[in-house]
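Chemist: The file below is protein-v4.cif, mmCIF, C-alpha atoms and all ligand atoms:
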data_run
loop_
_atom_site.label_atom_id
_atom_site.label_comp_id
_atom_site.auth_asym_id
_atom_site.auth_seq_id
_atom_site.Cartn_x
_atom_site.Cartn_y
_atom_site.Cartn_z
CA MET A 1 62.91 -18.94 -56.64
CA ILE A 2 63.28 -22.57 -57.66
CA MET A 3 60.24 -24.61 -56.74
CA ARG A 4 60.64 -27.55 -54.39
CA ALA A 5 59.72 -30.87 -55.99
CA ILE A 6 56.02 -31.59 -55.53
CA GLN A 7 55.08 -34.84 -53.82
CA MET A 8 51.76 -36.49 -52.96
CA VAL A 9 52.92 -36.43 -49.33
CA ASP A 10 56.08 -34.60 -48.21
CA LEU A 11 57.22 -36.38 -45.05
CA LYS A 12 60.85 -35.29 -45.37
CA GLN A 13 60.00 -31.62 -45.18
CA GLN A 14 57.57 -32.22 -42.33
CA TYR A 15 60.21 -34.16 -40.35
CA ALA A 16 62.77 -31.37 -40.78
CA LYS A 17 60.55 -29.06 -38.71
CA ILE A 18 60.16 -31.45 -35.75
CA LYS A 19 63.49 -33.26 -36.06
CA SER A 20 64.92 -32.37 -32.64
CA GLN A 21 61.79 -33.49 -30.75
CA ILE A 22 61.42 -36.69 -32.80
CA ASP A 23 65.09 -37.59 -32.45
CA ALA A 24 64.94 -36.98 -28.68
CA GLY A 25 61.84 -39.18 -28.38
CA ILE A 26 63.48 -42.03 -30.28
CA GLN A 27 66.71 -41.62 -28.29
CA GLU A 28 64.82 -41.92 -25.03
CA VAL A 29 63.37 -45.28 -26.10
CA LEU A 30 66.84 -46.45 -27.11
CA ASP A 31 68.40 -45.26 -23.85
CA THR A 32 65.76 -46.93 -21.71
CA ALA A 33 65.52 -50.04 -23.94
CA THR A 34 61.74 -50.13 -23.43
CA PHE A 35 60.96 -51.31 -26.94
CA ILE A 36 57.73 -53.20 -26.31
CA ASN A 37 54.81 -51.87 -24.24
CA GLY A 38 57.09 -49.26 -22.68
CA PRO A 39 56.00 -46.00 -21.05
CA ALA A 40 55.88 -44.24 -24.43
CA VAL A 41 53.08 -46.55 -25.58
CA GLN A 42 51.03 -45.94 -22.43
CA ALA A 43 51.66 -42.18 -22.59
CA PHE A 44 50.66 -41.96 -26.24
CA SER A 45 47.51 -44.07 -25.67
CA ASP A 46 46.42 -41.75 -22.85
CA GLU A 47 47.17 -38.60 -24.85
CA PHE A 48 45.38 -39.94 -27.92
CA ALA A 49 42.33 -40.92 -25.83
CA ARG A 50 42.24 -37.38 -24.43
CA TYR A 51 42.56 -35.87 -27.92
CA LEU A 52 39.69 -37.96 -29.26
CA GLY A 53 37.53 -37.69 -26.17
CA SER A 54 37.41 -41.48 -26.03
CA ARG A 55 37.24 -43.61 -22.88
CA HIS A 56 39.55 -46.38 -24.10
CA VAL A 57 42.35 -46.48 -26.68
CA ILE A 58 43.90 -49.85 -27.49
CA PRO A 59 47.09 -49.44 -29.53
CA CYS A 60 47.89 -52.13 -32.11
CA ALA A 61 50.21 -52.87 -35.01
CA ASN A 62 48.31 -51.26 -37.91
CA GLY A 63 44.88 -50.14 -39.06
CA THR A 64 44.04 -53.44 -40.71
CA ASP A 65 44.67 -55.28 -37.43
CA ALA A 66 42.52 -52.70 -35.65
CA LEU A 67 39.56 -53.65 -37.85
CA GLN A 68 40.27 -57.36 -37.45
CA ILE A 69 40.58 -57.20 -33.65
CA ALA A 70 37.34 -55.20 -33.42
CA MET A 71 35.46 -57.76 -35.51
CA MET A 72 36.92 -60.66 -33.49
CA ALA A 73 35.98 -59.02 -30.20
CA LEU A 74 32.38 -58.43 -31.26
CA GLY A 75 31.96 -62.18 -31.59
CA LEU A 76 30.90 -62.17 -35.23
CA GLU A 77 30.38 -65.71 -36.58
CA PRO A 78 31.25 -67.10 -40.01
CA GLY A 79 28.49 -66.18 -42.45
CA ASP A 80 27.40 -63.10 -40.53
CA GLU A 81 26.90 -60.16 -42.86
CA VAL A 82 28.94 -56.99 -42.55
CA ILE A 83 27.85 -53.99 -44.61
CA THR A 84 30.68 -51.92 -46.05
CA PRO A 85 31.22 -49.56 -48.93
CA SER A 86 32.93 -51.05 -51.99
CA PHE A 87 34.52 -47.66 -52.66
CA THR A 88 37.24 -47.84 -50.00
CA TYR A 89 40.75 -49.13 -49.41
CA ILE A 90 40.85 -52.94 -49.57
CA ALA A 91 41.74 -53.35 -45.86
CA THR A 92 38.17 -52.51 -44.85
CA THR A 93 36.64 -55.44 -46.70
CA GLU A 94 39.58 -57.83 -46.68
CA VAL A 95 39.37 -58.41 -42.92
CA VAL A 96 35.67 -59.20 -43.25
CA ALA A 97 36.52 -61.99 -45.69
CA LEU A 98 39.54 -63.12 -43.68
CA LEU A 99 37.26 -63.78 -40.69
CA LYS A 100 34.87 -65.75 -42.97
CA LEU A 101 32.21 -63.10 -42.59
CA LYS A 102 30.24 -62.01 -45.62
CA PRO A 103 31.00 -58.54 -46.98
CA VAL A 104 27.83 -56.86 -48.24
CA PHE A 105 28.95 -54.09 -50.58
CA VAL A 106 26.79 -51.01 -50.54
CA GLU A 107 26.66 -47.87 -52.66
CA VAL A 108 28.17 -44.56 -51.60
CA ASP A 109 26.81 -41.04 -51.96
CA PRO A 110 28.64 -39.47 -54.95
CA LYS A 111 28.89 -36.16 -53.09
CA THR A 112 30.40 -37.34 -49.80
CA PHE A 113 32.04 -40.56 -51.12
CA CYS A 114 30.71 -42.20 -47.93
CA LEU A 115 28.04 -44.89 -47.29
CA ASP A 116 24.61 -43.92 -48.60
CA PRO A 117 22.19 -44.39 -45.65
CA VAL A 118 19.27 -45.34 -47.93
CA ALA A 119 21.26 -48.05 -49.72
CA LEU A 120 22.59 -49.15 -46.36
CA GLU A 121 19.18 -49.70 -44.82
CA ALA A 122 17.96 -51.54 -47.92
CA ALA A 123 20.85 -54.00 -47.58
CA ILE A 124 20.02 -55.08 -44.03
CA THR A 125 18.92 -58.70 -43.55
CA PRO A 126 18.39 -60.83 -40.42
CA ARG A 127 22.05 -61.92 -40.77
CA THR A 128 23.47 -58.36 -40.73
CA LYS A 129 25.65 -57.97 -37.64
CA ALA A 130 27.78 -54.91 -38.33
CA ILE A 131 28.15 -51.81 -40.47
CA VAL A 132 31.57 -50.38 -41.33
CA PRO A 133 31.25 -46.72 -42.31
CA VAL A 134 34.49 -45.36 -43.79
CA HIS A 135 35.24 -41.66 -43.27
CA LEU A 136 36.77 -41.53 -46.71
CA TYR A 137 39.38 -38.92 -47.69
CA GLY A 138 39.00 -37.25 -44.28
CA GLN A 139 35.30 -36.42 -44.16
CA ALA A 140 32.89 -38.00 -41.70
CA ALA A 141 30.25 -40.39 -43.05
CA PRO A 142 26.64 -39.38 -42.26
CA MET A 143 26.83 -40.84 -38.75
CA GLU A 144 23.53 -39.61 -37.36
CA GLN A 145 21.57 -41.62 -39.95
CA ILE A 146 23.93 -44.60 -39.75
CA LEU A 147 23.75 -44.76 -35.94
CA ASP A 148 19.97 -44.44 -36.07
CA ILE A 149 19.68 -47.34 -38.54
CA ALA A 150 22.09 -49.44 -36.46
CA ARG A 151 20.11 -48.77 -33.27
CA ARG A 152 16.78 -49.69 -34.86
CA HIS A 153 18.18 -52.96 -36.25
CA ASN A 154 20.45 -53.73 -33.27
CA ILE A 155 23.65 -53.80 -35.37
CA TYR A 156 27.22 -52.90 -34.37
CA VAL A 157 28.94 -49.91 -35.98
CA ILE A 158 32.69 -50.22 -36.62
CA GLU A 159 34.05 -46.87 -37.83
CA ASP A 160 36.98 -47.08 -40.24
CA ASN A 161 38.69 -43.85 -39.21
CA ALA A 162 42.03 -44.54 -40.91
CA GLN A 163 41.72 -41.47 -43.15
CA ALA A 164 40.01 -39.04 -40.81
CA ILE A 165 41.82 -38.68 -37.48
CA GLY A 166 40.86 -35.30 -36.07
CA ALA A 167 37.74 -34.88 -38.21
CA THR A 168 34.48 -34.12 -36.46
CA TYR A 169 30.78 -34.76 -36.92
CA THR A 170 28.09 -32.43 -35.59
CA PHE A 171 24.72 -33.98 -34.76
CA SER A 172 21.44 -32.17 -35.36
CA ASN A 173 21.20 -31.42 -31.62
CA GLY A 174 24.48 -29.49 -31.85
CA THR A 175 26.71 -32.12 -30.19
CA THR A 176 30.09 -32.49 -31.92
CA ARG A 177 32.18 -35.68 -31.74
CA LYS A 178 35.48 -36.72 -33.24
CA THR A 179 35.25 -39.42 -35.89
CA GLY A 180 36.10 -42.85 -34.52
CA THR A 181 34.31 -42.22 -31.22
CA MET A 182 30.66 -42.50 -32.26
CA GLY A 183 30.24 -46.16 -33.19
CA THR A 184 30.58 -49.32 -31.10
CA VAL A 185 34.28 -49.24 -32.03
CA GLY A 186 36.53 -46.90 -33.99
CA CYS A 187 39.61 -48.15 -35.85
CA THR A 188 42.49 -46.08 -37.10
CA SER A 189 45.87 -46.30 -38.78
CA PHE A 190 49.15 -44.47 -38.21
CA PHE A 191 50.63 -45.49 -41.58
CA PRO A 192 53.20 -42.77 -42.46
CA SER A 193 51.04 -41.00 -45.05
CA LYS A 194 47.92 -40.85 -42.88
CA ASN A 195 47.00 -37.55 -41.21
CA LEU A 196 48.61 -38.72 -37.95
CA GLY A 197 51.36 -40.95 -39.29
CA CYS A 198 54.28 -42.63 -37.56
CA TYR A 199 57.52 -43.75 -39.25
CA GLY A 200 56.50 -47.34 -39.80
CA ASP A 201 53.26 -49.20 -39.08
CA GLY A 202 50.86 -48.46 -36.26
CA GLY A 203 47.17 -48.46 -35.43
CA ALA A 204 44.63 -48.04 -32.65
CA ILE A 205 41.11 -48.96 -31.66
CA CYS A 206 38.84 -46.92 -29.44
CA THR A 207 35.61 -47.59 -27.63
CA GLU A 208 33.48 -46.34 -24.76
CA ASP A 209 32.58 -49.92 -23.73
CA ASP A 210 34.68 -51.21 -20.80
CA ALA A 211 34.07 -54.92 -21.42
CA LEU A 212 34.74 -54.63 -25.13
CA ALA A 213 37.95 -52.68 -24.46
CA GLU A 214 39.14 -55.42 -22.13
CA LYS A 215 38.38 -58.07 -24.73
CA MET A 216 40.17 -56.18 -27.52
CA ARG A 217 43.24 -55.68 -25.32
CA MET A 218 43.25 -59.42 -24.68
CA ILE A 219 42.84 -60.34 -28.34
CA ALA A 220 45.65 -58.00 -29.39
CA ASN A 221 47.88 -59.82 -26.88
CA HIS A 222 47.44 -63.53 -27.73
CA GLY A 223 44.12 -63.72 -25.92
CA GLN A 224 46.00 -63.44 -22.67
CA SER A 225 44.16 -62.54 -19.42
CA LYS A 226 47.22 -62.93 -17.21
CA ARG A 227 50.74 -63.86 -18.15
CA TYR A 228 50.77 -67.27 -19.90
CA TYR A 229 47.01 -67.79 -19.39
CA HIS A 230 45.27 -67.51 -22.76
CA ASP A 231 41.47 -67.40 -22.62
CA VAL A 232 40.55 -66.75 -26.25
CA VAL A 233 42.27 -67.07 -29.61
CA GLY A 234 43.93 -63.76 -30.32
CA CYS A 235 46.85 -62.40 -32.28
CA ASN A 236 50.06 -60.48 -31.69
CA SER A 237 49.41 -56.87 -32.58
CA ARG A 238 51.43 -54.17 -30.82
CA LEU A 239 52.31 -50.54 -31.40
CA ASP A 240 56.05 -50.42 -30.88
CA ALA A 241 57.54 -47.91 -28.48
CA ILE A 242 59.63 -46.04 -31.04
CA GLN A 243 56.49 -45.39 -33.10
CA ALA A 244 54.62 -44.31 -29.97
CA ALA A 245 57.41 -41.81 -29.15
CA ILE A 246 57.11 -40.38 -32.68
CA LEU A 247 53.32 -40.22 -32.43
CA ARG A 248 53.51 -38.32 -29.13
CA VAL A 249 55.40 -35.53 -30.91
CA LYS A 250 53.17 -35.56 -33.98
CA LEU A 251 49.90 -35.62 -32.00
CA LYS A 252 50.82 -32.18 -30.65
CA GLU A 253 51.17 -30.96 -34.24
CA LEU A 254 48.01 -32.63 -35.53
CA ASP A 255 45.61 -29.68 -35.33
CA GLY A 256 48.20 -27.49 -37.06
CA TYR A 257 48.64 -30.16 -39.73
CA ILE A 258 44.88 -30.29 -40.28
CA ALA A 259 44.78 -26.50 -40.63
CA ALA A 260 47.58 -26.66 -43.24
CA ARG A 261 45.69 -29.31 -45.23
CA ARG A 262 42.49 -27.28 -45.10
CA LYS A 263 44.37 -24.19 -46.29
CA ALA A 264 45.68 -26.10 -49.31
CA ALA A 265 42.14 -27.40 -49.96
CA ASP A 266 40.81 -23.83 -49.84
CA PHE A 267 43.39 -22.78 -52.43
CA TYR A 268 42.34 -25.62 -54.75
CA ASP A 269 38.63 -24.94 -54.17
CA ALA A 270 39.00 -21.27 -55.07
CA ALA A 271 40.98 -22.06 -58.23
CA PHE A 272 38.44 -24.61 -59.52
CA ALA A 273 35.24 -22.88 -58.35
CA GLY A 274 32.55 -22.88 -61.02
CA HIS A 275 34.58 -24.96 -63.48
CA PRO A 276 32.15 -26.97 -65.63
CA ALA A 277 34.38 -30.06 -65.86
CA ILE A 278 35.71 -30.16 -62.30
CA ARG A 279 33.74 -31.14 -59.25
CA THR A 280 35.60 -30.11 -56.10
CA PRO A 281 35.18 -32.09 -52.87
CA TYR A 282 31.78 -31.55 -51.28
CA ARG A 283 31.94 -30.21 -47.76
CA ALA A 284 29.03 -31.56 -45.75
CA ASP A 285 27.68 -29.01 -43.27
CA TYR A 286 27.80 -31.60 -40.47
CA ALA A 287 31.50 -32.32 -41.01
CA HIS A 288 34.85 -30.74 -40.35
CA HIS A 289 36.82 -32.18 -43.28
CA VAL A 290 40.49 -32.96 -42.57
CA PHE A 291 41.47 -33.59 -46.22
CA HIS A 292 43.46 -36.78 -46.03
CA GLN A 293 42.99 -36.55 -49.79
CA TYR A 294 41.85 -33.73 -52.04
CA THR A 295 39.83 -35.63 -54.63
CA LEU A 296 38.27 -34.12 -57.72
CA GLN A 297 35.65 -35.67 -59.99
CA LEU A 298 36.21 -34.93 -63.67
CA GLU A 299 33.07 -34.56 -65.77
CA GLY A 300 33.46 -35.26 -69.48
CA LYS A 301 37.28 -34.99 -69.42
CA ASP A 302 39.88 -37.72 -69.69
CA ARG A 303 40.82 -38.50 -66.11
CA ASP A 304 43.72 -40.80 -67.01
CA GLY A 305 44.87 -38.18 -69.54
CA LEU A 306 45.04 -35.58 -66.76
CA ASN A 307 46.97 -38.01 -64.56
CA ALA A 308 49.54 -38.54 -67.35
CA PHE A 309 49.66 -34.83 -68.29
CA LEU A 310 50.40 -33.79 -64.70
CA ALA A 311 53.15 -36.42 -64.50
CA THR A 312 54.90 -34.86 -67.49
CA HIS A 313 54.99 -31.61 -65.46
CA GLU A 314 56.41 -33.35 -62.40
CA ILE A 315 53.11 -33.19 -60.56
CA PRO A 316 52.10 -36.47 -58.95
CA SER A 317 48.40 -37.40 -58.77
CA MET A 318 46.72 -40.61 -57.71
CA ILE A 319 43.57 -42.60 -58.40
CA TYR A 320 42.00 -43.69 -55.10
CA TYR A 321 40.69 -46.26 -56.01
CA PRO A 322 40.81 -47.61 -59.58
CA VAL A 323 39.11 -50.93 -58.74
CA PRO A 324 36.25 -51.06 -56.22
CA GLY A 325 36.14 -53.88 -53.65
CA HIS A 326 33.34 -55.83 -55.30
CA ARG A 327 35.38 -56.05 -58.54
CA GLN A 328 38.61 -57.24 -56.90
CA LYS A 329 39.82 -60.68 -57.88
CA MET A 330 40.01 -61.72 -54.23
CA PHE A 331 36.22 -61.48 -54.03
CA SER A 332 35.41 -62.90 -57.46
CA ALA A 333 34.13 -66.17 -56.01
CA ALA A 334 32.52 -64.57 -52.96
CA PRO A 335 28.74 -64.43 -52.71
CA GLY A 336 27.74 -60.78 -52.81
CA SER A 337 30.43 -59.63 -55.24
CA GLU A 338 27.94 -59.77 -58.13
CA VAL A 339 26.17 -56.63 -56.86
CA ASN A 340 25.50 -53.77 -59.22
CA LEU A 341 27.04 -50.56 -57.88
CA ALA A 342 26.73 -48.03 -60.68
CA ILE A 343 27.77 -44.97 -58.66
CA THR A 344 30.81 -46.71 -57.25
CA ASP A 345 31.84 -47.89 -60.74
CA GLN A 346 31.45 -44.35 -62.10
CA LEU A 347 33.48 -42.82 -59.28
CA THR A 348 36.38 -45.17 -59.97
CA LYS A 349 36.51 -43.68 -63.48
CA LYS A 350 36.09 -40.01 -62.52
CA VAL A 351 38.14 -39.43 -59.37
CA ILE A 352 41.65 -38.03 -59.20
CA SER A 353 43.49 -36.95 -56.06
CA LEU A 354 45.90 -34.02 -56.18
CA PRO A 355 48.97 -33.59 -53.95
CA MET A 356 47.78 -32.99 -50.38
CA HIS A 357 50.00 -32.65 -47.34
CA THR A 358 51.11 -30.25 -44.64
CA GLU A 359 54.03 -28.70 -46.50
CA LEU A 360 52.47 -27.46 -49.77
CA ASP A 361 53.37 -23.84 -50.46
CA GLU A 362 51.58 -21.35 -52.69
CA GLN A 363 54.13 -21.61 -55.47
CA GLN A 364 53.55 -25.36 -55.67
CA LEU A 365 49.77 -25.03 -55.40
CA PHE A 366 49.75 -22.38 -58.11
CA HIS A 367 51.76 -24.64 -60.42
CA ILE A 368 49.39 -27.57 -59.78
CA VAL A 369 46.18 -25.64 -60.43
CA THR A 370 47.66 -23.96 -63.50
CA LYS A 371 48.42 -27.33 -65.06
CA VAL A 372 45.06 -28.84 -64.09
CA LEU A 373 43.28 -25.87 -65.65
CA GLU A 374 45.47 -26.03 -68.74
CA PHE A 375 44.49 -29.65 -69.35
CA THR A 376 40.80 -29.30 -68.53
CA HIS A 377 40.40 -26.29 -70.87
CA LEU A 378 41.70 -28.32 -73.82
C1 LIG B 1 45.10 -47.09 -44.52
C2 LIG B 1 43.75 -47.64 -44.38
C3 LIG B 1 43.48 -48.82 -43.66
C4 LIG B 1 44.56 -49.74 -43.16
O1 LIG B 1 45.53 -49.22 -42.38
P1 LIG B 1 46.99 -49.93 -42.31
O2 LIG B 1 47.60 -49.27 -41.13
O3 LIG B 1 47.69 -49.66 -43.58
O4 LIG B 1 46.76 -51.39 -42.06
C5 LIG B 1 42.17 -49.20 -43.50
N1 LIG B 1 41.16 -48.51 -44.05
C6 LIG B 1 41.36 -47.39 -44.76
C7 LIG B 1 40.19 -46.66 -45.32
C8 LIG B 1 42.66 -46.92 -44.96
O5 LIG B 1 42.86 -45.81 -45.70
#
What does the file become when written as structure tokens?

Modeler:
Amino acid sequence: MIMRAIQMVDLKQQYAKIKSQIDAGIQEVLDTATFINGPAVQAFSDEFARYLGSRHVIPCANGTDALQIAMMALGLEPGDEVITPSFTYIATTEVVALLKLKPVFVEVDPKTFCLDPVALEAAITPRTKAIVPVHLYGQAAPMEQILDIARRHNIYVIEDNAQAIGATYTFSNGTTRKTGTMGTVGCTSFFPSKNLGCYGDGGAICTEDDALAEKMRMIANHGQSKRYYHDVVGCNSRLDAIQAAILRVKLKELDGYIAARRKAADFYDAAFAGHPAIRTPYRADYAHHVFHQYTLQLEGKDRDGLNAFLATHEIPSMIYYPVPGHRQKMFSAAPGSEVNLAITDQLTKKVISLPMHTELDEQQLFHIVTKVLEFTHL
């Protein structure tokens, strides 16, 4: 049998399986011409809130806006410090700078790739107003410790849940919560390649706090309290109805999609188990990992060489992320960018993400691991 081309994310194949439902959802929006804030947006928001177990879901235009709206609503002032990992997608830290807040870059744990609670607490000053834990690659950050630190220092927690929709965290008392619902606010993205992706841009914010929800809804809609009455400076950030109709279909598939990702991760884990040069993703016992990415750390092997070698065998692989936040040009003049983050720097040189999506079959997985093993045995 001829193998299907391997992609980092295979959205075409995924769409083929849900085509009739997706097409019907889009058609309904077209037929009713309810393009903005239509019933599909309300229905999706309610269904997503139920899925997460969250009191309020505020849909918005993308995950970056979600973070920005959350920070605006919390009333952070220029110069306030916001603690974030440097080892994350740029959106997390960019919005901090955009709002004239000060990003304080903190080290991650090399096992979980998420904020290191010890480094986090050491970075707190009287100006610290918020912490942004990122559930990177689909695994929850150590929320129990982070929430405890935040409570003791009276600091907001803004979860960046863009990569981990559907992941869970289990507290030491046995309570389990979905990521994005534990902090003051949770922000997420429906970018097409995310675990719950639409076919364009989309995002959402969730919170348990009624007043904060109200304020975020207002900010996302030009600061409007009632039509043409604008109480605060806001922005225009909407989830469009066609995307909401698509997300309603895909939300029903999400748990199945997560299971498919975890199955592919299990295949990789088994193939690389015990390999001296390959560190497979750590699975924290408190977390249900949803594998937005399957990210290896190479020890003593040429990471960029593997990336190039796989490409010659038509296997895509990616480096998330080659340059950490604190070394980005955009922050070169910013106070705080001179920090020394040795673990973060090392990770940017060792990590490589293999194809990970809902449509990988065993023939493809076998081909990928064979080539990875071939290169790492050299
Ligand atoms: C994708 C992503 C975002 C931003 O989401 P967009 O919808 O692309 O704006 C933010 N943070 C992280 C960690 C992400 O992966």

Chemist: Write out as a list of chain:residue names each polymer residue whose atoms come within 12 Å of Thr312 of chain A, counting all atoms listed in the file; drop sequence neighbours fewer than 4 positions from it.

Modeler: A:Gly305, A:Leu306, A:Asn307, A:Ala308, A:Pro316, A:Ser317, A:Ile368, A:Lys371, A:Phe375

Chemist: Residues of the last selection are to be written out with C-alpha atoms, as a PDB file, in the frame of the given file.

Modeler:
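Resulting contents of out03.pdb:
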ATOM      1  CA  GLY A 305      44.870 -38.180 -69.540  1.00  0.00           C
ATOM      2  CA  LEU A 306      45.040 -35.580 -66.760  1.00  0.00           C
ATOM      3  CA  ASN A 307      46.970 -38.010 -64.560  1.00  0.00           C
ATOM      4  CA  ALA A 308      49.540 -38.540 -67.350  1.00  0.00           C
ATOM      5  CA  PRO A 316      52.100 -36.470 -58.950  1.00  0.00           C
ATOM      6  CA  SER A 317      48.400 -37.400 -58.770  1.00  0.00           C
ATOM      7  CA  ILE A 368      49.390 -27.570 -59.780  1.00  0.00           C
ATOM      8  CA  LYS A 371      48.420 -27.330 -65.060  1.00  0.00           C
ATOM      9  CA  PHE A 375      44.490 -29.650 -69.350  1.00  0.00           C
TER      10      PHE A 375
END

Chemist: Could you give me, as a list in words, every polymer residue with an atom at most 6 Å away from an atom of ligand LIG 1 (chain B), counting only C-alpha atoms and all ligand atoms?

Modeler: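 Every residue with an atom at most 6 Å from ligand LIG 1 (chain B) is listed here: Asn62, Gly63, Thr64, Thr88, Tyr89, Ala91, Thr92, Asp160, Ala162, Gln163, Ser189, Phe190, Phe191, Gly202 and Gly203 of chain A.
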
Chemist: In terms of the shortest atom-to-atom distance over all atoms listed in the file, which of A:Ala167, A:Ala211, A:Ile155, A:Ala265 is closest to Tyr282 of chain A?

Modeler: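 When distances to Tyr282 of chain A are compared using all atoms listed in the file, the smallest one comes from A:Ala265.
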
Chemist: Residues near Thr370 of chain A, anyone? I mean within 12 Å using all atoms listed in the file, not counting same-chain ones fewer than 6 positions away, as a ChimeraX atom specification.

Modeler: /A:267-268,271-272,310,313,315,362-364,376-377

Chemist: Those residues with C-alpha atoms, as a PDB file, keeping the file's coordinate frame please?

Modeler:
ATOM      1  CA  PHE A 267      43.390 -22.780 -52.430  1.00  0.00           C
ATOM      2  CA  TYR A 268      42.340 -25.620 -54.750  1.00  0.00           C
ATOM      3  CA  ALA A 271      40.980 -22.060 -58.230  1.00  0.00           C
ATOM      4  CA  PHE A 272      38.440 -24.610 -59.520  1.00  0.00           C
ATOM      5  CA  LEU A 310      50.400 -33.790 -64.700  1.00  0.00           C
ATOM      6  CA  HIS A 313      54.990 -31.610 -65.460  1.00  0.00           C
ATOM      7  CA  ILE A 315      53.110 -33.190 -60.560  1.00  0.00           C
ATOM      8  CA  GLU A 362      51.580 -21.350 -52.690  1.00  0.00           C
ATOM      9  CA  GLN A 363      54.130 -21.610 -55.470  1.00  0.00           C
ATOM     10  CA  GLN A 364      53.550 -25.360 -55.670  1.00  0.00           C
ATOM     11  CA  THR A 376      40.800 -29.300 -68.530  1.00  0.00           C
ATOM     12  CA  HIS A 377      40.400 -26.290 -70.870  1.00  0.00           C
TER      13      HIS A 377
END

Chemist: Determine the nearest neighbour of Lys350 of chain A from the options A:Ala333, A:Met182, A:Ile146, A:Val323, counting only C-alpha atoms.

Modeler: A:Val323

Chemist: Is there a way to get, as number ranges by chain, all residues within 9 Å of the point (31.3, -32.7, -44.3) in file coordinates, counting all atoms listed in the file?

Modeler: A: 112, 138-142, 168-169, 282-289

Chemist: By how many Å are atom CA of Ala273 of chain A and atom CA of Ser193 of chain A apart?

Modeler: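 Interatomic distance here is 27.5 Å.
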
Chemist: Kindly give the distance, in Å, that separates atom CA of Val157 of chain A and atom CA of Tyr257 of chain A, rounded to a single decimal.

Modeler: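 Spanning atom CA of Val157 of chain A to atom CA of Tyr257 of chain A is a straight-line distance of 28.1 Å.
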
Chemist: What is the atom CA of Pro103 of chain A-atom CA of Arg152 of chain A distance in Å, reported with one decimal?

Modeler: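 These atoms are spaced 20.7 Å apart.
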
Chemist: Would you mind telling me which residue in A:Ala97, A:Ala334, A:Leu115, A:Ala213 lies nearest to His56 of chain A when using only C-alpha atoms?

Modeler: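 For His56 of chain A, the nearest of the candidates is A:Ala213.
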
Chemist: Neighbouring residues of Phe113 of chain A were defined as those with any atom within 10 Å, considering only C-alpha atoms; residues of the same chain fewer than 6 positions away were excluded. Please report them as a list in words.

Modeler: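 Here the qualifying residues turn out to be Pro85, Phe87, Thr88, Glu107, Val134, His135, Leu136, Tyr137, Gln139, Ala140, Ala141, Pro281, Tyr282, Thr295, Ile343, Thr344 and Leu347 of chain A.
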
Chemist: Pick out the closest residue to Thr34 of chain A from this set: A:Ser54, A:Thr84, A:Gln243, A:Ser172. Count all atoms listed in the file.

Modeler: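 That would be A:Gln243, the residue with the smallest distance to Thr34 of chain A.
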
Chemist: For Phe44 of chain A, which of A:Met218, A:Val104, A:Ala70, A:Ala244 is the closest residue, counting all atoms listed in the file?

Modeler: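 Under the stated criterion, the closest residue is A:Ala244.
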
Chemist: Pick the closest to Gly53 of chain A from A:Ile219, A:Leu296, A:Ala245, A:Arg177: which is it, counting all atoms listed in the file?

Modeler: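 Answer, going by the shortest atom-to-atom distance: A:Arg177.
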
Chemist: Neighbouring residues of segment 7-14 of chain A were defined as those with any atom within 9 Å, considering all atoms listed in the file; residues of the same chain fewer than 6 positions away were excluded. Please report them as a PyMOL selection string.

Modeler: chain A and resi 192-193+314-318+353-360

Chemist: Excluding Leu67 of chain A and any residue of its chain fewer than 4 positions from it, enumerate the residues within 7 Å of it, using all atoms listed in the file, and give them as a tab-separated table (two decimals) with C-alpha atoms, in the frame of the given file.

Modeler:
chain	number	residue	atom	x	y	z
A	63	GLY	CA	44.88	-50.14	-39.06
A	71	MET	CA	35.46	-57.76	-35.51
A	95	VAL	CA	39.37	-58.41	-42.92
A	187	CYS	CA	39.61	-48.15	-35.85

Chemist: Find the smallest box with edges along x, y and z containing every listed atom of segment 97-102 of chain A, then add 6 Å on each side and report centre and edge lengths in Å to one decimal, as lines of an AutoDock Vina configuration file.

Modeler:
center_x = 34.9
center_y = -63.9
center_z = -43.2
size_x = 21.3
size_y = 15.8
size_z = 17.0
